[in-house]
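J.: File follows, my_file-v4.txt with compact mmCIF, C-alpha atoms:
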# COMPACT_ATOMS: atom_id res chain seq x y z
CA MET U 1 15.14 5.03 -15.31
CA GLU U 2 16.52 8.39 -14.21
CA LYS U 3 15.29 10.23 -11.15
CA ILE U 4 11.74 11.39 -11.69
CA LEU U 5 11.45 14.85 -10.22
CA PHE U 6 8.82 17.50 -10.74
CA ASN U 7 8.91 21.15 -9.79
CA CYS U 8 6.13 23.72 -9.60
CA ILE U 9 3.25 21.25 -9.62
CA LYS U 10 1.07 20.40 -6.67
CA ILE U 11 -1.90 18.44 -5.41
CA SER U 12 -4.37 21.19 -4.51
CA GLY U 13 -7.41 19.13 -3.51
CA ILE U 14 -8.51 15.59 -2.68
CA ALA U 15 -12.08 14.38 -2.20
CA ALA U 16 -13.55 10.93 -1.71
CA SER U 17 -16.91 9.25 -1.92
CA VAL U 18 -18.11 5.86 -0.69
CA PRO U 19 -21.36 3.92 -0.94
CA LYS U 20 -23.72 4.34 2.03
CA SER U 21 -24.16 0.59 2.48
CA ILE U 22 -21.87 -0.84 5.18
CA VAL U 23 -20.85 -4.50 5.35
CA ASP U 24 -19.96 -5.47 8.91
CA ASN U 25 -17.61 -8.43 8.68
CA ILE U 26 -18.85 -10.07 11.88
CA ASN U 27 -22.53 -9.99 10.89
CA ALA U 28 -22.09 -10.71 7.19
CA HIS U 29 -20.70 -13.86 5.48
CA PRO U 30 -23.13 -16.43 6.94
CA LYS U 31 -21.14 -19.41 5.63
CA LEU U 32 -18.14 -18.55 7.80
CA SER U 33 -18.01 -19.26 11.54
CA ILE U 34 -17.63 -16.42 14.04
CA GLU U 35 -14.17 -17.74 14.94
CA GLU U 36 -13.05 -17.74 11.31
CA LYS U 37 -14.33 -14.20 10.87
CA GLU U 38 -12.72 -12.91 14.06
CA LYS U 39 -9.41 -14.45 13.10
CA ALA U 40 -9.54 -12.87 9.65
CA ILE U 41 -10.47 -9.46 11.10
CA LYS U 42 -7.59 -9.69 13.58
CA LEU U 43 -5.11 -10.30 10.77
CA THR U 44 -6.46 -7.94 8.15
CA GLY U 45 -7.74 -5.18 10.43
CA VAL U 46 -10.89 -4.80 8.28
CA ARG U 47 -13.90 -4.61 10.58
CA GLU U 48 -16.23 -3.23 7.93
CA TYR U 49 -16.25 -1.86 4.41
CA ARG U 50 -18.62 -0.19 1.92
CA LYS U 51 -20.47 -2.00 -0.82
CA ALA U 52 -21.85 -0.27 -3.89
CA SER U 53 -25.41 -1.02 -4.96
CA PRO U 54 -25.87 -2.76 -8.34
CA ASP U 55 -26.70 0.66 -9.87
CA THR U 56 -23.59 2.37 -8.58
CA CYS U 57 -20.36 2.23 -10.54
CA THR U 58 -16.91 3.53 -9.69
CA SER U 59 -17.55 6.42 -12.08
CA ASP U 60 -20.54 7.52 -9.97
CA LEU U 61 -18.42 7.56 -6.83
CA CYS U 62 -15.64 9.50 -8.57
CA GLN U 63 -18.14 11.90 -10.13
CA LYS U 64 -19.56 12.75 -6.73
CA ALA U 65 -16.08 13.31 -5.32
CA ALA U 66 -15.16 15.55 -8.27
CA GLU U 67 -18.32 17.64 -7.96
CA VAL U 68 -17.75 18.21 -4.26
CA LEU U 69 -14.16 19.13 -4.94
CA PHE U 70 -15.11 21.66 -7.62
CA LYS U 71 -17.62 23.23 -5.23
CA GLU U 72 -15.29 23.33 -2.24
CA MET U 73 -12.43 24.76 -4.29
CA ASP U 74 -14.72 27.11 -6.19
CA ILE U 75 -13.43 26.06 -9.59
CA LEU U 76 -15.29 25.54 -12.85
CA PRO U 77 -15.27 22.17 -14.64
CA GLU U 78 -14.37 24.06 -17.83
CA SER U 79 -10.98 24.86 -16.32
CA ILE U 80 -9.95 21.17 -16.32
CA ASP U 81 -7.50 20.23 -19.10
CA CYS U 82 -7.49 16.48 -18.62
CA ILE U 83 -9.47 13.70 -16.96
CA LEU U 84 -7.65 10.55 -15.91
CA PHE U 85 -9.85 7.69 -14.71
CA VAL U 86 -7.73 5.09 -12.92
CA SER U 87 -9.74 1.97 -12.23
CA GLN U 88 -10.17 -1.72 -12.97
CA THR U 89 -13.95 -1.47 -12.69
CA PRO U 90 -14.88 0.76 -15.62
CA ASP U 91 -18.49 1.32 -16.69
CA TYR U 92 -17.86 -0.51 -19.97
CA ARG U 93 -15.06 -2.53 -21.53
CA LEU U 94 -15.06 0.34 -23.97
CA PRO U 95 -15.29 3.33 -24.35
CA SER U 96 -13.03 4.80 -21.66
CA THR U 97 -15.09 5.81 -18.66
CA ALA U 98 -13.12 9.08 -18.61
CA CYS U 99 -14.90 10.05 -21.83
CA LEU U 100 -18.30 9.60 -20.22
CA LEU U 101 -17.14 11.65 -17.26
CA GLN U 102 -16.05 14.51 -19.55
CA ASP U 103 -19.72 14.87 -20.40
CA LYS U 104 -21.18 14.09 -16.98
CA LEU U 105 -18.92 16.63 -15.27
CA SER U 106 -19.65 19.30 -17.93
CA CYS U 107 -15.99 19.66 -18.76
CA SER U 108 -14.81 21.27 -21.97
CA LYS U 109 -14.54 19.13 -25.11
CA ASN U 110 -11.09 20.64 -25.57
CA ILE U 111 -9.44 18.16 -23.21
CA ALA U 112 -7.76 14.76 -23.04
CA ALA U 113 -9.67 12.03 -21.21
CA PHE U 114 -8.78 8.35 -20.90
CA ASP U 115 -8.65 5.40 -18.54
CA ILE U 116 -5.65 3.86 -16.86
CA ASN U 117 -6.08 0.17 -16.11
CA LEU U 118 -4.31 -0.24 -12.77
CA GLY U 119 -5.44 -1.12 -9.27
CA CYS U 120 -3.49 -0.86 -6.05
CA SER U 121 -0.63 1.12 -7.60
CA GLY U 122 -3.09 3.23 -9.61
CA TYR U 123 -2.97 6.43 -7.59
CA ILE U 124 0.80 6.61 -7.79
CA TYR U 125 0.76 6.06 -11.56
CA GLY U 126 -2.15 8.47 -11.91
CA LEU U 127 -0.17 11.16 -10.12
CA TYR U 128 2.80 10.49 -12.36
CA THR U 129 0.66 10.86 -15.45
CA ALA U 130 -0.97 14.06 -14.18
CA TYR U 131 2.34 15.60 -13.17
CA SER U 132 3.95 14.61 -16.46
CA PHE U 133 1.16 16.14 -18.52
CA ILE U 134 1.45 19.44 -16.68
CA ASN U 135 5.22 19.29 -16.77
CA GLY U 136 5.22 18.61 -20.49
CA GLY U 137 3.46 21.88 -21.05
CA GLY U 138 0.03 22.64 -22.37
CA MET U 139 -1.90 21.54 -19.32
CA LYS U 140 -2.47 23.51 -16.15
CA ARG U 141 -5.09 21.42 -14.35
CA VAL U 142 -5.57 17.65 -14.35
CA LEU U 143 -8.45 15.87 -12.66
CA LEU U 144 -7.29 12.48 -11.41
CA LEU U 145 -10.21 10.18 -10.65
CA CYS U 146 -9.19 7.00 -8.94
CA GLY U 147 -11.37 4.25 -7.52
CA ASP U 148 -12.84 0.79 -7.74
CA THR U 149 -15.95 -1.19 -6.91
CA GLN U 150 -14.09 -4.42 -6.19
CA THR U 151 -17.01 -5.97 -4.35
CA LYS U 152 -18.46 -6.53 -7.82
CA LEU U 153 -15.42 -8.61 -8.81
CA CYS U 154 -15.21 -11.17 -6.07
CA HIS U 155 -17.22 -14.17 -4.95
CA PRO U 156 -18.89 -13.53 -1.58
CA GLU U 157 -17.63 -16.84 -0.18
CA ASP U 158 -14.00 -16.33 -1.13
CA LYS U 159 -12.65 -15.51 2.32
CA ASN U 160 -9.36 -14.31 0.85
CA VAL U 161 -11.02 -11.33 -0.79
CA SER U 162 -14.65 -10.98 0.27
CA MET U 163 -13.81 -9.83 3.78
CA ILE U 164 -11.19 -7.35 2.69
CA LEU U 165 -12.14 -5.53 -0.51
CA GLY U 166 -14.29 -2.42 -0.33
CA ASP U 167 -15.63 0.21 -2.72
CA ALA U 168 -14.65 3.88 -3.04
CA GLY U 169 -14.07 6.66 -5.57
CA THR U 170 -11.80 9.68 -5.26
CA ALA U 171 -10.98 12.89 -7.08
CA THR U 172 -7.64 14.69 -6.90
CA LEU U 173 -6.82 18.00 -8.49
CA VAL U 174 -3.26 18.40 -9.74
CA GLU U 175 -2.17 21.81 -10.99
CA LYS U 176 0.68 24.16 -11.74
CA ASP U 177 1.98 26.07 -8.73
CA GLU U 178 5.23 28.03 -8.69
CA GLN U 179 5.52 27.63 -4.91
CA ALA U 180 5.23 23.83 -4.88
CA SER U 181 8.09 21.80 -3.39
CA PRO U 182 9.78 19.21 -5.65
CA VAL U 183 8.03 15.86 -5.91
CA ILE U 184 9.97 12.66 -6.56
CA MET U 185 8.52 9.42 -7.86
CA LYS U 186 9.67 5.86 -8.44
CA PHE U 187 8.03 3.02 -10.40
CA MET U 188 8.44 -0.72 -10.67
CA THR U 189 6.74 -3.50 -12.61
CA ASP U 190 7.08 -7.27 -12.57
CA GLY U 191 4.86 -9.00 -15.09
CA SER U 192 6.29 -12.44 -14.33
CA ARG U 193 3.93 -12.54 -11.35
CA TYR U 194 0.91 -11.32 -13.27
CA ASP U 195 -1.12 -14.32 -12.18
CA LYS U 196 -0.92 -13.65 -8.44
CA LEU U 197 -3.80 -11.16 -8.53
CA ILE U 198 -5.98 -11.76 -11.55
CA ILE U 199 -9.36 -12.28 -13.11
CA PRO U 200 -8.26 -15.15 -15.38
CA ALA U 201 -11.13 -15.18 -17.91
CA GLY U 202 -13.44 -12.71 -19.61
CA GLY U 203 -10.72 -10.85 -21.48
CA CYS U 204 -9.31 -11.72 -24.88
CA ARG U 205 -6.81 -14.34 -23.67
CA ARG U 206 -9.64 -16.52 -22.31
CA PRO U 207 -12.93 -15.19 -23.58
CA SER U 208 -16.09 -15.48 -21.54
CA THR U 209 -17.99 -18.77 -21.92
CA SER U 210 -20.60 -20.53 -19.83
CA ASP U 211 -17.73 -22.58 -18.40
CA THR U 212 -15.70 -19.54 -17.31
CA ARG U 213 -18.81 -18.07 -15.70
CA GLU U 214 -19.52 -21.23 -13.70
CA ILE U 215 -18.89 -21.03 -9.95
CA LYS U 216 -16.61 -23.92 -8.99
CA ARG U 217 -14.02 -25.04 -6.48
CA GLN U 218 -10.68 -23.86 -7.79
CA MET U 219 -7.20 -25.35 -7.36
CA ASP U 220 -6.45 -23.18 -4.34
CA GLY U 221 -9.60 -24.44 -2.61
CA GLY U 222 -11.48 -21.18 -3.12
CA VAL U 223 -14.98 -21.11 -4.58
CA ARG U 224 -15.46 -18.70 -7.49
CA SER U 225 -15.77 -18.51 -11.26
CA ASP U 226 -12.85 -17.81 -13.60
CA GLU U 227 -14.34 -14.36 -14.12
CA GLN U 228 -13.99 -13.45 -10.48
CA LEU U 229 -10.95 -12.08 -8.71
CA TYR U 230 -8.25 -14.49 -7.56
CA MET U 231 -5.49 -13.49 -5.19
CA ASP U 232 -2.55 -15.64 -4.08
CA GLY U 233 -2.44 -14.16 -0.58
CA MET U 234 0.92 -15.67 0.33
CA GLU U 235 2.72 -14.43 -2.78
CA ILE U 236 1.21 -10.96 -2.53
CA PHE U 237 2.21 -10.83 1.11
CA ASN U 238 5.77 -11.88 0.29
CA PHE U 239 5.91 -9.36 -2.53
CA SER U 240 4.79 -6.56 -0.23
CA VAL U 241 7.22 -7.35 2.54
CA THR U 242 10.22 -7.94 0.28
CA ASP U 243 10.04 -6.09 -3.05
CA VAL U 244 7.98 -3.14 -1.87
CA ILE U 245 10.00 -2.63 1.29
CA LYS U 246 13.22 -2.96 -0.70
CA THR U 247 12.13 -0.31 -3.21
CA ILE U 248 11.19 2.16 -0.48
CA GLN U 249 14.24 1.37 1.61
CA THR U 250 16.58 1.81 -1.34
CA TYR U 251 14.95 5.11 -2.24
CA MET U 252 15.34 6.38 1.33
CA GLU U 253 18.96 5.21 1.59
CA ILE U 254 20.06 6.70 -1.74
CA ASN U 255 18.57 10.03 -0.78
CA GLY U 256 19.82 9.97 2.79
CA LEU U 257 16.29 9.97 4.21
CA SER U 258 15.08 8.43 7.43
CA SER U 259 11.55 8.10 8.76
CA GLU U 260 12.26 11.18 10.89
CA GLU U 261 12.20 13.33 7.77
CA PHE U 262 8.61 12.41 7.06
CA ASP U 263 5.38 13.37 8.76
CA TYR U 264 3.42 10.47 7.28
CA LEU U 265 3.87 7.16 5.50
CA ILE U 266 0.68 6.60 3.53
CA LEU U 267 0.48 3.05 2.23
CA HIS U 268 -1.97 1.30 -0.01
CA GLN U 269 -4.44 -0.26 2.42
CA ALA U 270 -3.83 -3.93 1.58
CA ASN U 271 -4.23 -5.41 5.05
CA LYS U 272 -3.07 -4.28 8.46
CA PHE U 273 -0.76 -7.18 9.11
CA MET U 274 1.12 -6.36 5.92
CA THR U 275 1.15 -2.59 6.27
CA ASP U 276 2.18 -2.70 9.94
CA LYS U 277 5.08 -4.89 8.91
CA ILE U 278 6.11 -2.50 6.12
CA ALA U 279 5.97 0.44 8.56
CA ARG U 280 7.98 -1.50 11.13
CA LYS U 281 10.69 -2.47 8.68
CA LEU U 282 10.96 1.09 7.41
CA LYS U 283 11.18 2.23 11.04
CA PHE U 284 8.10 4.45 10.91
CA PRO U 285 6.33 4.77 14.28
CA LEU U 286 2.65 3.89 13.96
CA GLU U 287 1.56 7.50 14.72
CA LYS U 288 3.02 8.41 11.34
CA VAL U 289 1.06 5.72 9.50
CA PRO U 290 -2.57 6.72 8.95
CA TYR U 291 -5.16 4.03 8.14
CA SER U 292 -8.58 3.74 6.56
CA LEU U 293 -8.86 -0.01 6.03
CA ASP U 294 -10.51 -0.65 9.38
CA VAL U 295 -13.72 0.96 8.12
CA TYR U 296 -13.33 0.96 4.34
CA GLY U 297 -11.26 -2.15 3.67
CA ASN U 298 -8.83 -2.45 0.77
CA THR U 299 -10.14 0.04 -1.80
CA ALA U 300 -7.47 -0.57 -4.47
CA GLY U 301 -6.25 2.66 -6.11
CA ALA U 302 -8.59 4.78 -4.01
CA SER U 303 -6.97 3.66 -0.78
CA ILE U 304 -4.26 6.31 -0.57
CA PRO U 305 -6.45 9.35 -1.30
CA LEU U 306 -9.28 7.86 0.80
CA THR U 307 -6.88 7.44 3.71
CA ILE U 308 -5.87 11.09 3.35
CA VAL U 309 -9.50 12.28 3.33
CA HIS U 310 -10.46 9.94 6.19
CA ASN U 311 -7.67 11.20 8.42
CA PHE U 312 -7.26 14.83 7.44
CA SER U 313 -10.51 16.26 6.14
CA LYS U 314 -11.57 17.29 9.62
CA HIS U 315 -8.74 19.78 9.51
CA ARG U 316 -10.06 20.98 6.15
CA SER U 317 -6.61 21.23 4.61
CA LEU U 318 -3.17 19.64 4.97
CA ILE U 319 -0.38 22.12 5.75
CA LYS U 320 3.24 21.39 4.88
CA LYS U 321 3.22 17.66 5.59
CA HIS U 322 6.11 15.69 4.12
CA CYS U 323 4.58 12.39 3.03
CA LEU U 324 5.81 9.17 1.49
CA LEU U 325 3.06 7.49 -0.50
CA SER U 326 3.33 3.94 -1.79
CA GLY U 327 0.90 1.90 -3.85
CA PHE U 328 1.60 -1.76 -4.66
CA GLY U 329 -0.25 -4.81 -5.94
CA VAL U 330 -1.98 -6.10 -9.04
CA GLY U 331 0.33 -6.27 -12.07
CA LEU U 332 2.54 -6.70 -10.22
CA SER U 333 2.95 -2.99 -10.17
CA TRP U 334 4.25 -0.67 -7.49
CA GLY U 335 5.68 2.76 -6.88
CA LEU U 336 6.24 5.58 -4.47
CA VAL U 337 5.76 9.33 -4.37
CA ASP U 338 7.79 11.59 -2.08
CA ILE U 339 5.72 14.74 -1.70
CA VAL U 340 5.01 17.67 0.59
CA LEU U 341 1.25 17.99 0.90
CA ASP U 342 0.69 21.66 1.55
CA ASN U 343 -2.56 23.59 1.62
CA VAL U 344 -4.51 20.64 0.22
CA ILE U 345 -8.27 21.14 0.35
CA CYS U 346 -9.96 17.99 1.65
CA PRO U 347 -13.74 18.24 1.84
CA PRO U 348 -15.50 15.79 4.20
CA LEU U 349 -16.09 12.25 2.91
CA GLN U 350 -19.18 11.89 0.73
CA GLU U 351 -21.63 9.01 0.68
CA ILE U 352 -23.98 7.95 -2.09
CA SER U 353 -26.81 5.40 -1.95
CA MET G 1 17.57 -23.39 17.89
CA GLU G 2 14.92 -26.08 17.61
CA GLU G 3 13.39 -24.97 20.88
CA LYS G 4 13.13 -21.34 19.82
CA PHE G 5 11.62 -22.29 16.48
CA LEU G 6 8.97 -24.53 18.05
CA ARG G 7 8.15 -21.88 20.64
CA LEU G 8 7.77 -19.12 18.02
CA PHE G 9 5.70 -21.31 15.71
CA THR G 10 3.44 -22.37 18.59
CA GLU G 11 3.00 -18.73 19.62
CA ILE G 12 1.89 -17.50 16.23
CA LEU G 13 -0.69 -20.29 16.04
CA GLU G 14 -2.02 -19.03 19.37
CA ARG G 15 -2.18 -22.51 20.83
CA GLU G 16 -1.44 -23.81 24.30
CA LYS G 17 0.34 -27.08 23.54
CA LEU G 18 3.90 -26.77 22.23
CA LEU G 19 4.40 -28.12 18.72
CA ASN G 20 6.66 -31.07 17.98
CA LEU G 21 8.93 -31.32 14.96
CA ASP G 22 7.10 -34.49 13.95
CA ASP G 23 3.65 -32.88 13.98
CA LYS G 24 1.98 -33.00 10.59
CA LEU G 25 0.57 -29.62 9.50
CA GLU G 26 -2.71 -31.19 8.40
CA ASP G 27 -3.20 -32.46 11.97
CA VAL G 28 -2.59 -29.05 13.55
CA GLU G 29 -6.01 -27.61 14.33
CA GLU G 30 -4.93 -23.98 14.10
CA TRP G 31 -3.19 -24.34 10.73
CA ASP G 32 -4.98 -22.45 7.93
CA SER G 33 -4.24 -19.83 5.28
CA LEU G 34 -4.09 -17.04 7.85
CA ALA G 35 -1.74 -19.03 10.09
CA ALA G 36 0.40 -19.63 7.02
CA LEU G 37 0.70 -15.86 6.49
CA ALA G 38 1.66 -15.37 10.13
CA LEU G 39 4.28 -18.14 9.78
CA VAL G 40 5.76 -16.63 6.61
CA SER G 41 5.97 -13.26 8.34
CA MET G 42 7.64 -14.79 11.41
CA LEU G 43 10.21 -16.65 9.30
CA ASP G 44 11.12 -13.35 7.66
CA ASP G 45 11.23 -11.35 10.90
CA GLU G 46 13.15 -13.92 12.98
CA TYR G 47 15.28 -15.76 10.43
CA GLY G 48 15.42 -13.44 7.43
CA VAL G 49 14.02 -16.28 5.36
CA ILE G 50 11.28 -15.96 2.73
CA MET G 51 8.97 -18.88 2.00
CA GLY G 52 6.81 -18.65 -1.12
CA SER G 53 3.50 -20.39 -1.72
CA LYS G 54 5.13 -23.07 -3.91
CA GLU G 55 7.57 -24.02 -1.14
CA LEU G 56 4.83 -23.94 1.45
CA GLU G 57 2.79 -26.45 -0.57
CA ARG G 58 5.63 -28.97 -0.17
CA MET G 59 5.69 -28.70 3.64
CA ILE G 60 4.12 -31.72 5.30
CA SER G 61 5.48 -31.57 8.85
CA VAL G 62 6.78 -28.93 11.23
CA ARG G 63 10.21 -30.47 10.73
CA ASP G 64 10.02 -29.73 6.97
CA ILE G 65 9.63 -26.05 7.76
CA PHE G 66 12.46 -26.15 10.30
CA ASN G 67 14.75 -27.82 7.77
CA PHE G 68 13.78 -25.24 5.18
CA VAL G 69 14.89 -22.47 7.54
CA ILE G 70 18.20 -24.21 8.31
CA GLN G 71 18.89 -24.72 4.60
CA ALA G 72 17.96 -21.19 3.65
CA GLN G 73 20.21 -19.75 6.29
CA SER G 74 23.28 -21.77 5.29
I'd like the structure from this file rewritten - as structure tokens, please.

T.:
Amino acid sequence: MEKILFNCIKISGIAASVPKSIVDNINAHPKLSIEEKEKAIKLTGVREYRKASPDTCTSDLCQKAAEVLFKEMDILPESIDCILFVSQTPDYRLPSTACLLQDKLSCSKNIAAFDINLGCSGYIYGLYTAYSFINGGGMKRVLLLCGDTQTKLCHPEDKNVSMILGDAGTATLVEKDEQASPVIMKFMTDGSRYDKLIIPAGGCRRPSTSDTREIKRQMDGGVRSDEQLYMDGMEIFNFSVTDVIKTIQTYMEINGLSSEEFDYLILHQANKFMTDKIARKLKFPLEKVPYSLDVYGNTAGASIPLTIVHNFSKHRSLIKKHCLLSGFGVGLSWGLVDIVLDNVICPPLQEIS
Amino acid sequence: MEEKFLRLFTEILEREKLLNLDDKLEDVEEWDSLAALALVSMLDDEYGVIMGSKELERMISVRDIFNFVIQAQS
């Protein structure tokens, strides 16, 4: 792959929305002891997260974020040329949730709208897609909706995931701007480790049956059905601290960049132990590494934009901040975006019941 | 080198009593999936060695892990 570089395109706004309902990790999970819970919180850094009600889907969270963004930026939905919905918790297996959102957001019919099935790396890939569509000509404004309601995918007693994963939806506006600084991106995929973060059944490879829906003790000792999320924590950890670090390090070395060049390193909010280690190895001081996982948990593709809103919306807009974004996880899929966030409108975080 | 390894391993388990090479992991009270993550991270930080979940499954005693580190480094 050659260097992926974009000129004259920028992120002009980012909004986020979370469910009102808070899960406090100490008070929840009655089958785990206080000691077990405290130990897990110490390692992961996730004290609490948000849980969507049964009636709330990722699309609802993203819709709210988009509506607030339109209002704050004073733009009309008809001006959007494309809707990208990046999520692994769509409303339906088909049609694309993006199509529903075209209608719900009152966008023009004269647009492209489709889903991208990615999780933790989703925002990075979503940005790439949005930038490419504008770069290719024909589009001026792309609405990138990125989020997940992962709490619906996991078994509440699976300590590996049920204390970490949270729900959120975000909306990012990407548009043409002659003044924008160049943006560079890098992408990686390794399908040989597809089974390290997976819902094994319910798709076409292993269709849903009463057996796959049965809650049972699995080979790793966890309790869940085959249609619930499985994560090999050790392998994902190793992946993050070797492959992901190597990709970012190589990128920085080739381009003669050090952590001093950047204002912020914004990482997918996997868990604090992992992200602290990545920051340390890349020699970023912790003041340059904003977090959101302590109160929102690991929100998959939403985690990068949510972290931006959580940390910067009080200032109402980001001004000339050189940021290195990196999303990594399910696939295995990962990537980075080297971008100057300048004059980005970030309305306050929204909540929906 | 043994001493340092045992000290580091004991520290990450947050236990008082120093580990022995002959200790079996299943007998170590503090050993669980989170401790395993902390161990894997320590092995990388201190020894530049990566242990995957398949290798970890084969570890029975503290000595097995120590030997793994020695082998990986040579």

J.: Record the distance separating atom CA of U:Cys120 and atom CA of U:Ser108, expressed in Å with one decimal.

T.: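 We find that atom CA of U:Cys120 and atom CA of U:Ser108 lie 29.5 Å from each other.
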
J.: Extract, using only C-alpha atoms, all DNA, RNA and protein residues at most 9 Å from stretch 64-67 of chain G, discarding same-chain residues fewer than 2 positions from it, and format them as number ranges by chain.

T.: G: 2, 5-6, 21-22, 56, 58-62, 69-72

J.: Please list as a PyMOL selection string every residue within 12 Å of U:Lys246, counting all atoms listed in the file and excluding residues in the same chain fewer than 3 positions away.

T.: chain U and resi 188+238-243+249-254+278+281-282+334-336

J.: Pick out the closest residue to U:Ser162 from this set: U:Ala66, U:Val142, U:Ala28, U:Ile199. Count only C-alpha atoms.

T.: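 Nearest candidate to U:Ser162 out of U:Ala66, U:Val142, U:Ala28, U:Ile199: U:Ala28.
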
J.: Counting only C-alpha atoms, which residues from chain G have an atom at most 9 Å from any atom of chain U, and could you show them as a ChimeraX atom specification?

T.: /G:33-34,36-38,40-41,44,50-53

J.: Between U:Thr170, U:Lys288, U:Pro348, U:Asp91, single out the one closest to U:Ser303, counting all atoms listed in the file.

T.: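 Smallest distance to U:Ser303 is found for U:Thr170.
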
J.: What gap, in Å, lies between atom CA of G:Met42 and atom CA of U:Leu286?

T.: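 That distance, rounded to one decimal, is 19.5 Å.
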
J.: Applying 9 Å and all atoms listed in the file, which residues near U:Leu105 remain after dropping the ones on its own chain fewer than 6 positions away? List them as a ChimeraX atom specification.

T.: /U:63,66-67,77

J.: Would you give the centre and edge lengths, in Å to one decimal, of a box along x, y and z around the listed atoms of stretch 17-20 of chain G, with 8 Å added to each side, as AutoDock Vina command-line options?

T.:
--center_x 3.5 --center_y -28.9 --center_z 20.8 --size_x 22.3 --size_y 20.3 --size_z 21.6

J.: Identify, on the basis of only C-alpha atoms, every residue whose closest approach to U:Tyr291 does not exceed 9 Å; exclude the query and any residue fewer than 2 positions from it along the same chain; express the result as a PDB file with C-alpha atoms, keeping the file's coordinate frame.

T.:
ATOM      1  CA  ILE U 266       0.680   6.600   3.530  1.00  0.00           C
ATOM      2  CA  LEU U 267       0.480   3.050   2.230  1.00  0.00           C
ATOM      3  CA  GLN U 269      -4.440  -0.260   2.420  1.00  0.00           C
ATOM      4  CA  LYS U 272      -3.070  -4.280   8.460  1.00  0.00           C
ATOM      5  CA  VAL U 289       1.060   5.720   9.500  1.00  0.00           C
ATOM      6  CA  LEU U 293      -8.860  -0.010   6.030  1.00  0.00           C
ATOM      7  CA  ASP U 294     -10.510  -0.650   9.380  1.00  0.00           C
ATOM      8  CA  THR U 307      -6.880   7.440   3.710  1.00  0.00           C
ATOM      9  CA  ILE U 308      -5.870  11.090   3.350  1.00  0.00           C
ATOM     10  CA  HIS U 310     -10.460   9.940   6.190  1.00  0.00           C
ATOM     11  CA  ASN U 311      -7.670  11.200   8.420  1.00  0.00           C
TER      12      ASN U 311
END

J.: Please report the interatomic distance between atom CA of G:Trp31 and atom CA of G:Leu13 in Å with one decimal.

T.: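 Taking atom CA of G:Trp31 as the start and atom CA of G:Leu13 as the end point, the length is 7.1 Å.
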
J.: Determine the nearest neighbour of U:Lys152 from the options U:Ser53, U:Ser258, U:Asn27, U:Asn298, counting all atoms listed in the file.

T.: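 Closest to U:Lys152, using all atoms listed in the file: U:Ser53.
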
J.: Need the shell around U:Arg213: protein/DNA/RNA residues with any atom at most 7 Å away, counting all atoms listed in the file. Skip same-chain ones fewer than 4 positions apart. Format as JSON, numbers by chain?

T.: {"U": [208, 209, 225, 226, 227]}
